[in-house]
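As stored in start.cif (mmCIF, C-alpha atoms):
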```cif
data_data
loop_
_atom_site.label_atom_id
_atom_site.label_comp_id
_atom_site.auth_asym_id
_atom_site.auth_seq_id
_atom_site.Cartn_x
_atom_site.Cartn_y
_atom_site.Cartn_z
CA MET W 115 94.38 159.79 106.57
CA SER W 116 95.75 163.13 105.46
CA GLY W 117 96.24 164.17 101.86
CA THR W 118 100.05 163.94 101.92
CA SER W 119 102.13 163.13 98.87
CA SER W 120 101.80 159.47 97.96
CA GLN W 121 104.01 156.76 96.54
CA PRO W 122 102.86 153.89 94.30
CA ILE W 123 102.48 150.34 95.51
CA PRO W 124 106.00 149.31 96.56
CA ALA W 125 108.04 147.08 94.28
CA SER W 126 108.28 144.53 97.09
CA SER W 127 105.99 144.33 100.09
CA PRO W 128 107.47 144.80 103.59
CA LYS W 129 108.17 141.59 105.45
CA PRO W 130 105.23 140.56 107.64
CA ALA W 131 105.41 140.75 111.39
CA THR W 132 104.99 136.97 111.56
CA THR W 133 107.13 135.06 109.06
CA ALA W 134 107.97 131.74 110.75
CA GLY W 135 105.88 128.97 112.21
CA LEU W 136 102.67 127.29 111.19
CA LYS W 137 99.79 129.21 109.71
CA SER W 138 96.21 128.19 109.27
CA MET W 139 94.59 128.78 105.90
CA THR W 140 91.47 130.25 107.52
CA GLY W 141 91.19 133.93 108.31
CA TYR W 142 89.66 137.32 107.58
CA ALA W 143 91.14 140.80 107.69
CA GLN W 144 90.46 144.27 106.34
CA ALA W 145 91.97 147.76 106.36
CA ARG W 146 90.39 151.14 105.63
CA ALA W 147 91.53 154.60 104.54
CA SER W 148 89.76 157.91 103.83
CA GLU W 149 91.13 160.85 101.91
CA ASN W 150 89.95 163.81 99.80
CA GLY W 151 86.27 162.95 99.80
CA TRP W 152 86.56 159.20 99.22
CA SER W 153 87.00 156.05 101.30
CA LEU W 154 88.70 152.80 100.41
CA ARG W 155 88.64 149.36 102.03
CA VAL W 156 90.61 146.20 101.28
CA ALA W 157 89.09 142.97 102.63
CA ILE W 158 90.71 139.51 102.50
CA ARG W 159 88.93 136.25 103.25
CA SER W 160 90.90 132.97 103.28
CA VAL W 161 89.86 129.32 103.51
CA ASN W 162 91.75 126.08 102.91
CA HIS W 163 92.75 124.92 99.43
CA ARG W 164 95.42 122.58 98.06
CA PHE W 165 97.08 125.43 96.16
CA LEU W 166 96.91 129.23 96.05
CA ASP W 167 93.55 130.10 94.51
CA LEU W 168 93.35 133.89 94.35
CA HIS W 169 90.14 135.74 93.43
CA LEU W 170 90.43 139.51 93.11
CA ARG W 171 87.53 141.95 92.83
CA VAL W 172 88.17 145.64 92.11
CA PRO W 173 85.83 148.51 91.10
CA ASP W 174 85.73 149.77 87.52
CA GLY W 175 88.78 151.85 86.76
CA PHE W 176 91.10 150.01 89.18
CA GLU W 177 92.06 147.30 86.70
CA PRO W 178 95.60 148.71 86.15
CA LEU W 179 96.40 147.91 89.81
CA GLU W 180 95.43 144.23 89.58
CA PRO W 181 98.81 142.73 88.52
CA ARG W 182 100.70 144.39 91.38
CA ILE W 183 98.03 143.45 93.92
CA ARG W 184 98.25 139.80 92.83
CA GLN W 185 102.04 139.87 93.05
CA ILE W 186 102.02 141.21 96.62
CA VAL W 187 99.49 138.59 97.74
CA ARG W 188 101.51 135.76 96.15
CA GLU W 189 104.63 136.95 97.98
CA ARG W 190 102.84 136.63 101.31
CA VAL W 191 100.51 133.63 100.90
CA ARG W 192 101.44 130.20 99.53
CA ARG W 193 98.24 128.15 99.84
CA GLY W 194 94.54 128.75 100.33
CA HIS W 195 91.48 130.09 98.56
CA LEU W 196 91.69 133.87 98.91
CA ASP W 197 89.00 136.42 98.10
CA VAL W 198 90.57 139.88 97.94
CA THR W 199 88.00 142.64 97.52
CA LEU W 200 88.66 146.33 97.00
CA HIS W 201 85.80 148.69 97.91
CA TYR W 202 85.88 152.34 96.83
CA GLU W 203 83.22 155.01 97.34
CA LEU W 204 82.90 158.75 97.46
CA GLU W 205 81.98 160.54 100.69
CA GLY W 206 80.43 163.85 101.71
CA PRO W 207 79.33 166.43 99.13
CA SER W 208 81.38 164.79 96.42
CA ALA W 209 79.36 161.59 96.80
CA VAL W 210 76.26 163.13 95.20
CA GLY W 211 76.01 165.17 92.03
CA VAL W 212 73.67 166.12 89.22
CA ASN W 213 74.20 164.60 85.80
CA HIS W 214 73.68 167.79 83.80
CA ASP W 215 73.67 166.03 80.45
CA VAL W 216 70.89 163.68 81.51
CA ALA W 217 68.88 166.50 83.10
CA ALA W 218 69.29 168.63 79.96
CA ALA W 219 68.06 165.76 77.82
CA TYR W 220 64.92 165.41 79.97
CA LEU W 221 64.28 169.17 79.81
CA LYS W 222 64.73 169.20 76.06
CA ALA W 223 62.27 166.34 75.69
CA ALA W 224 59.80 168.14 77.96
CA SER W 225 60.14 171.36 75.96
CA SER W 226 59.52 169.47 72.72
CA LEU W 227 56.35 167.92 74.14
CA ARG W 228 55.11 171.34 75.39
CA LYS W 229 55.40 172.79 71.89
CA GLU W 230 53.92 169.77 70.15
CA PHE W 231 50.86 169.59 72.39
CA SER W 232 50.60 173.28 73.32
CA ILE W 233 51.13 172.65 77.00
CA GLN W 234 51.34 175.87 79.01
CA SER W 235 52.81 174.56 82.32
CA GLU W 236 56.53 174.71 82.94
CA PRO W 237 58.53 171.55 83.75
CA ASP W 238 58.68 170.76 87.47
CA VAL W 239 62.32 170.79 88.60
CA GLU W 240 61.68 168.44 91.53
CA SER W 241 60.06 165.93 89.18
CA ILE W 242 63.02 166.17 86.82
CA MET W 243 65.39 165.51 89.73
CA ARG W 244 63.55 162.25 90.52
CA LEU W 245 63.98 160.88 87.00
CA PRO W 246 66.44 157.99 86.51
CA GLY W 247 70.07 159.02 86.05
CA VAL W 248 69.70 162.67 87.04
CA ILE W 249 70.99 162.27 90.61
CA GLY W 250 73.94 160.01 91.26
CA ALA W 251 77.56 159.89 92.27
CA ALA W 252 79.44 163.01 91.42
CA ALA W 253 81.40 162.70 88.23
CA THR W 254 85.10 162.43 88.98
CA SER W 255 88.11 161.59 86.91
CA LEU W 256 89.41 158.36 88.43
CA GLU W 257 92.43 158.50 86.16
CA SER W 258 93.63 161.72 87.78
CA GLU W 259 93.29 160.13 91.26
CA LEU W 260 94.67 156.71 90.37
CA GLU W 261 98.29 157.45 91.31
CA ARG W 262 97.25 158.65 94.76
CA LEU W 263 94.81 155.75 95.10
CA GLU W 264 97.53 153.26 94.15
CA SER W 265 99.55 154.27 97.19
CA VAL W 266 96.56 153.95 99.51
CA VAL W 267 95.58 150.58 98.03
CA GLY W 268 99.14 149.34 98.64
CA ARG W 269 99.15 150.41 102.28
CA CYS W 270 95.71 148.94 102.95
CA LEU W 271 96.61 145.68 101.21
CA ILE W 272 99.80 145.23 103.24
CA GLU W 273 98.01 146.13 106.47
CA SER W 274 95.29 143.58 105.68
CA LEU W 275 97.89 140.89 104.94
CA ASP W 276 99.66 141.63 108.24
CA LYS W 277 96.37 141.24 110.12
CA LEU W 278 95.57 138.07 108.17
CA ASP W 279 98.99 136.62 109.06
CA ARG W 280 98.40 137.25 112.77
CA MET W 281 94.95 135.71 112.66
CA ARG W 282 96.17 132.64 110.75
CA ALA W 283 99.09 132.21 113.19
CA GLU W 284 96.70 132.33 116.17
CA GLU W 285 94.43 129.75 114.54
CA ALA W 286 97.47 127.56 113.84
CA ASN W 287 98.45 127.73 117.52
CA HIS W 288 95.08 126.26 118.48
CA LEU W 289 95.47 123.55 115.84
CA ARG W 290 99.02 122.81 117.07
CA GLN W 291 97.77 122.23 120.62
CA GLU W 292 95.02 119.89 119.44
CA MET W 293 97.35 117.96 117.14
CA SER W 294 100.04 117.66 119.82
CA ALA W 295 97.47 116.09 122.13
CA ARG W 296 96.50 113.57 119.44
CA LEU W 297 100.15 112.72 118.81
CA GLY W 298 100.47 112.04 122.52
CA ASN W 299 97.51 109.68 122.29
CA ILE W 300 99.10 107.82 119.38
CA THR W 301 102.38 107.45 121.27
CA SER W 302 100.56 106.11 124.33
CA LEU W 303 98.52 103.66 122.24
CA ALA W 304 101.63 102.45 120.41
CA SER W 305 103.36 101.77 123.74
CA LYS W 306 100.42 99.65 124.87
CA VAL W 307 100.51 97.73 121.59
CA SER W 308 104.24 97.07 122.06
CA VAL W 309 103.69 95.57 125.53
CA LEU W 310 100.80 93.39 124.35
CA ALA W 311 102.64 92.24 121.22
CA GLU W 312 105.67 91.15 123.25
CA ARG W 313 103.40 89.28 125.66
CA ALA W 314 101.55 87.61 122.79
CA ARG W 315 104.63 86.32 120.89
CA PRO W 316 105.18 83.07 122.87
CA THR W 317 101.48 82.27 122.85
CA PHE W 318 101.29 82.94 119.13
CA ALA W 319 104.31 80.72 118.41
CA LYS W 320 102.82 77.85 120.41
CA ARG W 321 99.49 78.21 118.62
CA LEU W 322 101.24 78.10 115.25
CA GLU W 323 103.18 75.00 116.25
CA SER W 324 99.99 73.31 117.38
CA ARG W 325 98.27 74.22 114.15
CA LEU W 326 101.14 72.84 112.09
CA ARG W 327 100.97 69.53 113.99
CA GLU W 328 97.24 69.32 113.24
CA LEU W 329 97.84 69.91 109.52
CA LEU W 330 100.69 67.39 109.30
CA GLY W 331 98.79 64.73 111.20
CA GLU W 332 100.79 61.50 111.42
CA ALA W 333 103.57 62.73 109.13
CA GLN W 334 107.00 62.63 110.67
CA ILE W 335 108.78 65.99 111.03
CA ASP W 336 111.83 67.05 112.90
CA PRO W 337 110.68 68.76 116.13
CA ALA W 338 113.48 71.31 115.77
CA ARG W 339 112.33 72.14 112.22
CA LEU W 340 108.75 72.41 113.44
CA ALA W 341 109.72 74.86 116.15
CA GLN W 342 111.83 76.81 113.67
CA GLU W 343 108.94 77.17 111.21
CA ALA W 344 106.62 78.26 114.00
CA ALA W 345 109.18 80.82 115.15
CA LEU W 346 109.58 82.19 111.60
CA ALA W 347 105.83 82.52 111.22
CA ALA W 348 105.66 84.32 114.54
CA GLU W 349 108.47 86.61 113.42
CA ARG W 350 106.53 87.57 110.28
CA SER W 351 103.70 88.65 112.56
CA ASP W 352 106.01 90.79 114.70
CA VAL W 353 104.90 94.45 114.76
CA SER W 354 107.99 95.98 116.36
CA GLU W 355 109.25 97.51 113.08
CA GLU W 356 105.88 99.12 112.40
CA LEU W 357 105.84 100.58 115.89
CA VAL W 358 109.37 101.96 115.50
CA ARG W 359 108.46 103.63 112.20
CA LEU W 360 105.22 104.95 113.67
CA ARG W 361 107.11 106.55 116.57
CA SER W 362 109.61 108.05 114.13
CA HIS W 363 106.81 109.61 112.08
CA VAL W 364 105.25 111.01 115.24
CA GLN W 365 108.58 112.62 116.23
CA GLN W 366 108.99 114.17 112.76
CA PHE W 367 105.42 115.43 112.92
CA GLN W 368 106.07 117.04 116.31
CA GLY W 369 109.24 118.67 114.97
CA LEU W 370 107.35 120.25 112.07
CA LEU W 371 104.64 121.50 114.40
CA ALA W 372 107.24 123.14 116.61
CA SER W 373 109.25 125.09 114.08
CA ALA W 374 108.35 124.65 110.43
CA SER W 375 106.42 127.04 108.22
CA GLU W 376 104.42 126.07 105.13
CA ALA W 377 104.47 122.50 106.46
CA GLY W 378 100.96 121.41 105.46
CA LYS W 379 102.03 119.14 102.59
CA LYS W 380 104.85 117.57 104.64
CA LEU W 381 102.47 116.88 107.52
CA ASP W 382 99.98 115.31 105.14
CA PHE W 383 102.68 113.02 103.74
CA LEU W 384 103.68 111.91 107.25
CA LEU W 385 100.06 111.10 108.01
CA GLN W 386 99.91 108.86 104.95
CA GLU W 387 102.96 106.98 106.24
CA MET W 388 101.45 106.72 109.72
CA GLN W 389 98.23 105.37 108.24
CA ARG W 390 100.22 102.76 106.32
CA GLU W 391 101.92 101.56 109.51
CA ALA W 392 98.57 101.38 111.32
CA ASN W 393 97.08 99.30 108.50
CA THR W 394 100.05 96.91 108.57
CA LEU W 395 99.68 96.69 112.34
CA LEU W 396 96.09 95.56 111.90
CA SER W 397 97.01 93.01 109.25
CA LYS W 398 99.53 91.40 111.64
CA THR W 399 97.19 91.20 114.63
CA PRO W 400 97.94 87.75 116.12
CA GLY W 401 94.84 85.62 116.23
CA GLN W 402 91.83 85.76 118.45
CA GLU W 403 93.53 85.63 121.87
CA ALA W 404 92.79 88.38 124.35
CA GLU W 405 96.04 90.14 123.48
CA GLY W 406 95.27 89.99 119.76
CA LEU W 407 91.81 91.45 120.19
CA GLU W 408 93.18 94.24 122.36
CA ILE W 409 95.91 95.03 119.82
CA THR W 410 93.23 95.28 117.14
CA ARG W 411 91.22 97.68 119.28
CA LEU W 412 94.27 99.84 119.98
CA ALA W 413 95.29 99.88 116.31
CA LEU W 414 91.82 101.04 115.34
CA GLU W 415 92.11 103.86 117.89
CA ILE W 416 95.44 104.84 116.34
CA LYS W 417 93.81 104.97 112.91
CA SER W 418 91.02 107.12 114.32
CA GLU W 419 93.51 109.60 115.79
CA ILE W 420 95.37 109.74 112.47
CA GLU W 421 92.14 110.52 110.61
CA LYS W 422 91.37 113.35 113.02
CA LEU W 423 94.88 114.69 112.50
CA ARG W 424 94.34 114.56 108.75
CA GLU W 425 91.22 116.73 109.07
CA GLN W 426 93.17 119.33 111.02
CA VAL W 427 96.21 119.26 108.72
CA GLN W 428 93.97 120.11 105.75
CA ASN W 429 93.76 123.61 107.19
CA ILE W 430 97.53 124.15 107.59
CA GLU W 431 99.35 126.20 104.95
#
```
What is this structure when it is put down as structure tokens?
Amino acid sequence: MSGTSSQPIPASSPKPATTAGLKSMTGYAQARASENGWSLRVAIRSVNHRFLDLHLRVPDGFEPLEPRIRQIVRERVRRGHLDVTLHYELEGPSAVGVNHDVAAAYLKAASSLRKEFSIQSEPDVESIMRLPGVIGAAATSLESELERLESVVGRCLIESLDKLDRMRAEEANHLRQEMSARLGNITSLASKVSVLAERARPTFAKRLESRLRELLGEAQIDPARLAQEAALAAERSDVSEELVRLRSHVQQFQGLLASASEAGKKLDFLLQEMQREANTLLSKTPGQEAEGLEITRLALEIKSEIEKLREQVQNIE
């Protein structure tokens, strides 16, 4: 990077290259710049979190830039645990210097000892140079460079955020494919449950009627009323409404995967509703007939797919 005239961190960050669609909360990006004997690097690491949890680390002297850095990050990222680290170091000849004050203090102390103990030898310069604090980073006035550095920090930060956006979008694409496949599995399983439930309804009604006759024993009861009660009981065990709602939730989920951004919380809510329907489905499983046992197995598979979806959604912004 050349030493051209610089501008401060912009009042509002440029819009990212990728603004729409799902984003993962996992990613890493960095950007570098070198100018006038120093180098600077901005690194961003992101993992999943329920809210935006921003941790910023800057070298001594860069504290005045912190509020603007935080503002830019918040404009670009809504959720996730973010570690934003600013590295700054001198390069070339300016990276090493002699601390004259420290060296002078050592020489003064050595001279005092020579006089006190009548030592004839002169102080060894090489030995002085090896003493703590004599050699170190060249003394520079960070305040005089801060305006120029502010511009470079802003450019590196925005470049890092652009790279992070692309990486998080790519990760979200992989998650979208996996989740779409699981939604397909849920739809297929629900269709099988629907067929079995419809097949099981007459059998379940007859079993209920038989059970009622056993309980009533010799008591007289209107056959029509008996059949009606059995039919009502069978109706209460009907799972068609749960399957309709489950399919509706799956369709909404697919719609959010296809086009929505910042959809993580909405997807999580839909999964809670899907889990509720699956639990109700299990509670209505009709008896111990072959159909009932198979419906139970399928409902458990649906719950398993929902749990796997929940794990993946936890990483969506």
> Any idea what's packed within 12 Å of Leu245 in chain W, counting all atoms listed in the file, ignoring anything in its chain fewer than 5 positions away? Could you give it as a list of chain:residue names?
Replying inline: W:Val212, W:Asn213, W:Val216, W:Ala217, W:Ala218, W:Ala219, W:Tyr220, W:Leu221, W:Asp238, W:Val239, W:Glu240, W:Gly250
>> Could you list, as a list in words, every residue within 12 Å of Glu355 in chain W, counting only C-alpha atoms and ignoring same-chain residues fewer than 4 positions away?
In response: Ala304, Ser308, Ala311, Glu349, Arg350, Ser351, Arg359, Leu360, Arg361, Ser362, Glu391, Ala392, Thr394, Leu395 and Lys398 of chain W
> Pick from W:Thr199, W:Gly194, W:Gln366, W:Ala295: nearest to Phe383 in chain W, with only C-alpha atoms counted?
Replying inline: W:Gln366
Matched chain/residue IDs from the PyMOL selection byres ((chain W and resi 176) around 10), as a PDB file with C-alpha atoms, in the frame of the given file:
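Once written, expr.pdb looks like this:
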```pdb
ATOM      1  CA  ARG W 171      87.530 141.950  92.830  1.00  0.00           C
ATOM      2  CA  VAL W 172      88.170 145.640  92.110  1.00  0.00           C
ATOM      3  CA  PRO W 173      85.830 148.510  91.100  1.00  0.00           C
ATOM      4  CA  ASP W 174      85.730 149.770  87.520  1.00  0.00           C
ATOM      5  CA  GLY W 175      88.780 151.850  86.760  1.00  0.00           C
ATOM      6  CA  GLU W 177      92.060 147.300  86.700  1.00  0.00           C
ATOM      7  CA  PRO W 178      95.600 148.710  86.150  1.00  0.00           C
ATOM      8  CA  LEU W 179      96.400 147.910  89.810  1.00  0.00           C
ATOM      9  CA  GLU W 180      95.430 144.230  89.580  1.00  0.00           C
ATOM     10  CA  LEU W 200      88.660 146.330  97.000  1.00  0.00           C
ATOM     11  CA  TYR W 202      85.880 152.340  96.830  1.00  0.00           C
ATOM     12  CA  LEU W 256      89.410 158.360  88.430  1.00  0.00           C
ATOM     13  CA  GLU W 257      92.430 158.500  86.160  1.00  0.00           C
ATOM     14  CA  LEU W 260      94.670 156.710  90.370  1.00  0.00           C
ATOM     15  CA  LEU W 263      94.810 155.750  95.100  1.00  0.00           C
ATOM     16  CA  GLU W 264      97.530 153.260  94.150  1.00  0.00           C
ATOM     17  CA  VAL W 267      95.580 150.580  98.030  1.00  0.00           C
TER      18      VAL W 267
END
```
>> For the provided coordinates, the residues matched by the PyMOL selection byres ((chain W and resi 150-167) around 6) should be stated as a PyMOL selection string.
In response: chain W and resi 139-149+168+192-205+429
Restricting the output to C-alpha atoms, write the selected residues as a short mmCIF file (atom, residue, chain, number, x, y, z; two decimals), in the coordinates of the input.
```cif
data_model
loop_
_atom_site.label_atom_id
_atom_site.label_comp_id
_atom_site.auth_asym_id
_atom_site.auth_seq_id
_atom_site.Cartn_x
_atom_site.Cartn_y
_atom_site.Cartn_z
CA MET W 139 94.59 128.78 105.90
CA THR W 140 91.47 130.25 107.52
CA GLY W 141 91.19 133.93 108.31
CA TYR W 142 89.66 137.32 107.58
CA ALA W 143 91.14 140.80 107.69
CA GLN W 144 90.46 144.27 106.34
CA ALA W 145 91.97 147.76 106.36
CA ARG W 146 90.39 151.14 105.63
CA ALA W 147 91.53 154.60 104.54
CA SER W 148 89.76 157.91 103.83
CA GLU W 149 91.13 160.85 101.91
CA LEU W 168 93.35 133.89 94.35
CA ARG W 192 101.44 130.20 99.53
CA ARG W 193 98.24 128.15 99.84
CA GLY W 194 94.54 128.75 100.33
CA HIS W 195 91.48 130.09 98.56
CA LEU W 196 91.69 133.87 98.91
CA ASP W 197 89.00 136.42 98.10
CA VAL W 198 90.57 139.88 97.94
CA THR W 199 88.00 142.64 97.52
CA LEU W 200 88.66 146.33 97.00
CA HIS W 201 85.80 148.69 97.91
CA TYR W 202 85.88 152.34 96.83
CA GLU W 203 83.22 155.01 97.34
CA LEU W 204 82.90 158.75 97.46
CA GLU W 205 81.98 160.54 100.69
CA ASN W 429 93.76 123.61 107.19
#
```
>> Could you check the closest approach to Phe367 in chain W for each of W:Glu230, W:Asp382, W:Glu273, W:Glu425 and tell me which residue wins, using all atoms listed in the file?
In response: W:Asp382
> Do you have the CA of Arg296 in chain W-CA of Ala404 in chain W distance handy?
Replying inline: 25.9 Å
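Residues matched by the PyMOL selection byres ((chain W and resi 386) around 12) in this file: W:Leu360, W:His363, W:Val364, W:Phe367, W:Lys379, W:Lys380, W:Leu381, W:Asp382, W:Phe383, W:Leu384, W:Leu385, W:Glu387, W:Met388, W:Gln389, W:Arg390, W:Glu391, W:Ala392, W:Asn393, W:Lys417, W:Ile420, W:Glu421, W:Leu423, W:Arg424, W:Val427.
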>> Residues within 6 Å of Ile300 in chain W, please, as a PyMOL selection string. Count only C-alpha atoms; anything in the same chain fewer than 3 positions from it doesn't count.
In response: chain W and resi 297+303+416
Export of the given selection (C-alpha atoms) as a PDB file, in the frame of the given file:
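Saved as part.pdb:
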```pdb
ATOM      1  CA  LEU W 297     100.150 112.720 118.810  1.00  0.00           C
ATOM      2  CA  LEU W 303      98.520 103.660 122.240  1.00  0.00           C
ATOM      3  CA  ILE W 416      95.440 104.840 116.340  1.00  0.00           C
TER       4      ILE W 416
END
```
> Mind pulling up the distance from CA of Met281 in chain W to CA of Arg184 in chain W?
Replying inline: 20.5 Å
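Our summary of the geometry notes that CA of Ala377 in chain W is positioned 16.3 Å from CA of Glu292 in chain W.
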Would you compute, for all listed atoms of range 413-420 of chain W, the axis-aligned bounding box grown by 5 Å on each side, and then report its centre and edge lengths in Å rounded to one decimal, as AutoDock Vina command-line options?
```
--center_x 93.2 --center_y 104.8 --center_z 115.2 --size_x 14.4 --size_y 19.9 --size_z 15.4
```
>> Considering all atoms listed in the file, can you say which of W:Pro237, W:Gly378, W:Gly247, W:Gly268 comes closest to Arg182 in chain W?
In response: W:Gly268
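Of the listed residues W:Ser373, W:Gln426, W:Gln234, W:Ser354, the one whose atoms come nearest to Val309 in chain W is W:Ser354, with distances taken using only C-alpha atoms.
Proximity to Leu170 in chain W was assessed for W:Gly135, W:Leu271, W:Ser225, W:Asn299 counting all atoms listed in the file; the smallest distance is recorded for W:Leu271.
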Could you give me range 134-148 of chain W completed to N, CA, C and O atoms, formatted as an mmCIF file, in the frame of the given file?
```cif
data_model
loop_
_atom_site.group_PDB
_atom_site.id
_atom_site.type_symbol
_atom_site.label_atom_id
_atom_site.label_comp_id
_atom_site.auth_asym_id
_atom_site.auth_seq_id
_atom_site.Cartn_x
_atom_site.Cartn_y
_atom_site.Cartn_z
ATOM 1 N N ALA W 134 107.634 133.132 110.500
ATOM 2 C CA ALA W 134 107.970 131.740 110.750
ATOM 3 C C ALA W 134 106.844 131.069 111.501
ATOM 4 O O ALA W 134 106.006 131.714 112.100
ATOM 5 N N GLY W 135 106.878 129.725 111.486
ATOM 6 C CA GLY W 135 105.880 128.970 112.210
ATOM 7 C C GLY W 135 104.687 128.617 111.362
ATOM 8 O O GLY W 135 104.518 129.104 110.244
ATOM 9 N N LEU W 136 103.858 127.746 111.914
ATOM 10 C CA LEU W 136 102.670 127.290 111.190
ATOM 11 C C LEU W 136 101.660 128.402 111.016
ATOM 12 O O LEU W 136 101.543 129.297 111.859
ATOM 13 N N LYS W 137 100.916 128.311 109.924
ATOM 14 C CA LYS W 137 99.790 129.210 109.710
ATOM 15 C C LYS W 137 98.589 128.397 109.245
ATOM 16 O O LYS W 137 98.722 127.484 108.437
ATOM 17 N N SER W 138 97.454 128.747 109.771
ATOM 18 C CA SER W 138 96.210 128.190 109.270
ATOM 19 C C SER W 138 95.885 128.824 107.928
ATOM 20 O O SER W 138 96.419 129.875 107.576
ATOM 21 N N MET W 139 95.027 128.181 107.163
ATOM 22 C CA MET W 139 94.590 128.780 105.900
ATOM 23 C C MET W 139 93.243 129.487 106.056
ATOM 24 O O MET W 139 92.661 129.928 105.062
ATOM 25 N N THR W 140 92.750 129.602 107.282
ATOM 26 C CA THR W 140 91.470 130.250 107.520
ATOM 27 C C THR W 140 91.674 131.599 108.203
ATOM 28 O O THR W 140 92.407 131.686 109.194
ATOM 29 N N GLY W 141 91.059 132.627 107.677
ATOM 30 C CA GLY W 141 91.190 133.930 108.310
ATOM 31 C C GLY W 141 90.440 135.011 107.544
ATOM 32 O O GLY W 141 89.996 134.808 106.404
ATOM 33 N N TYR W 142 90.300 136.155 108.208
ATOM 34 C CA TYR W 142 89.660 137.320 107.580
ATOM 35 C C TYR W 142 90.316 138.571 108.125
ATOM 36 O O TYR W 142 90.635 138.662 109.315
ATOM 37 N N ALA W 143 90.542 139.536 107.258
ATOM 38 C CA ALA W 143 91.140 140.800 107.690
ATOM 39 C C ALA W 143 90.738 141.901 106.719
ATOM 40 O O ALA W 143 90.422 141.635 105.545
ATOM 41 N N GLN W 144 90.754 143.139 107.210
ATOM 42 C CA GLN W 144 90.460 144.270 106.340
ATOM 43 C C GLN W 144 91.188 145.508 106.874
ATOM 44 O O GLN W 144 91.587 145.575 108.031
ATOM 45 N N ALA W 145 91.352 146.483 105.987
ATOM 46 C CA ALA W 145 91.970 147.760 106.360
ATOM 47 C C ALA W 145 91.257 148.861 105.584
ATOM 48 O O ALA W 145 90.829 148.661 104.441
ATOM 49 N N ARG W 146 91.128 150.030 106.213
ATOM 50 C CA ARG W 146 90.390 151.140 105.630
ATOM 51 C C ARG W 146 91.262 152.388 105.541
ATOM 52 O O ARG W 146 92.217 152.544 106.292
ATOM 53 N N ALA W 147 90.874 153.290 104.644
ATOM 54 C CA ALA W 147 91.530 154.600 104.540
ATOM 55 C C ALA W 147 90.525 155.574 103.950
ATOM 56 O O ALA W 147 89.663 155.204 103.149
ATOM 57 N N SER W 148 90.618 156.844 104.363
ATOM 58 C CA SER W 148 89.760 157.910 103.830
ATOM 59 C C SER W 148 90.635 159.096 103.472
ATOM 60 O O SER W 148 91.563 159.447 104.203
#
```
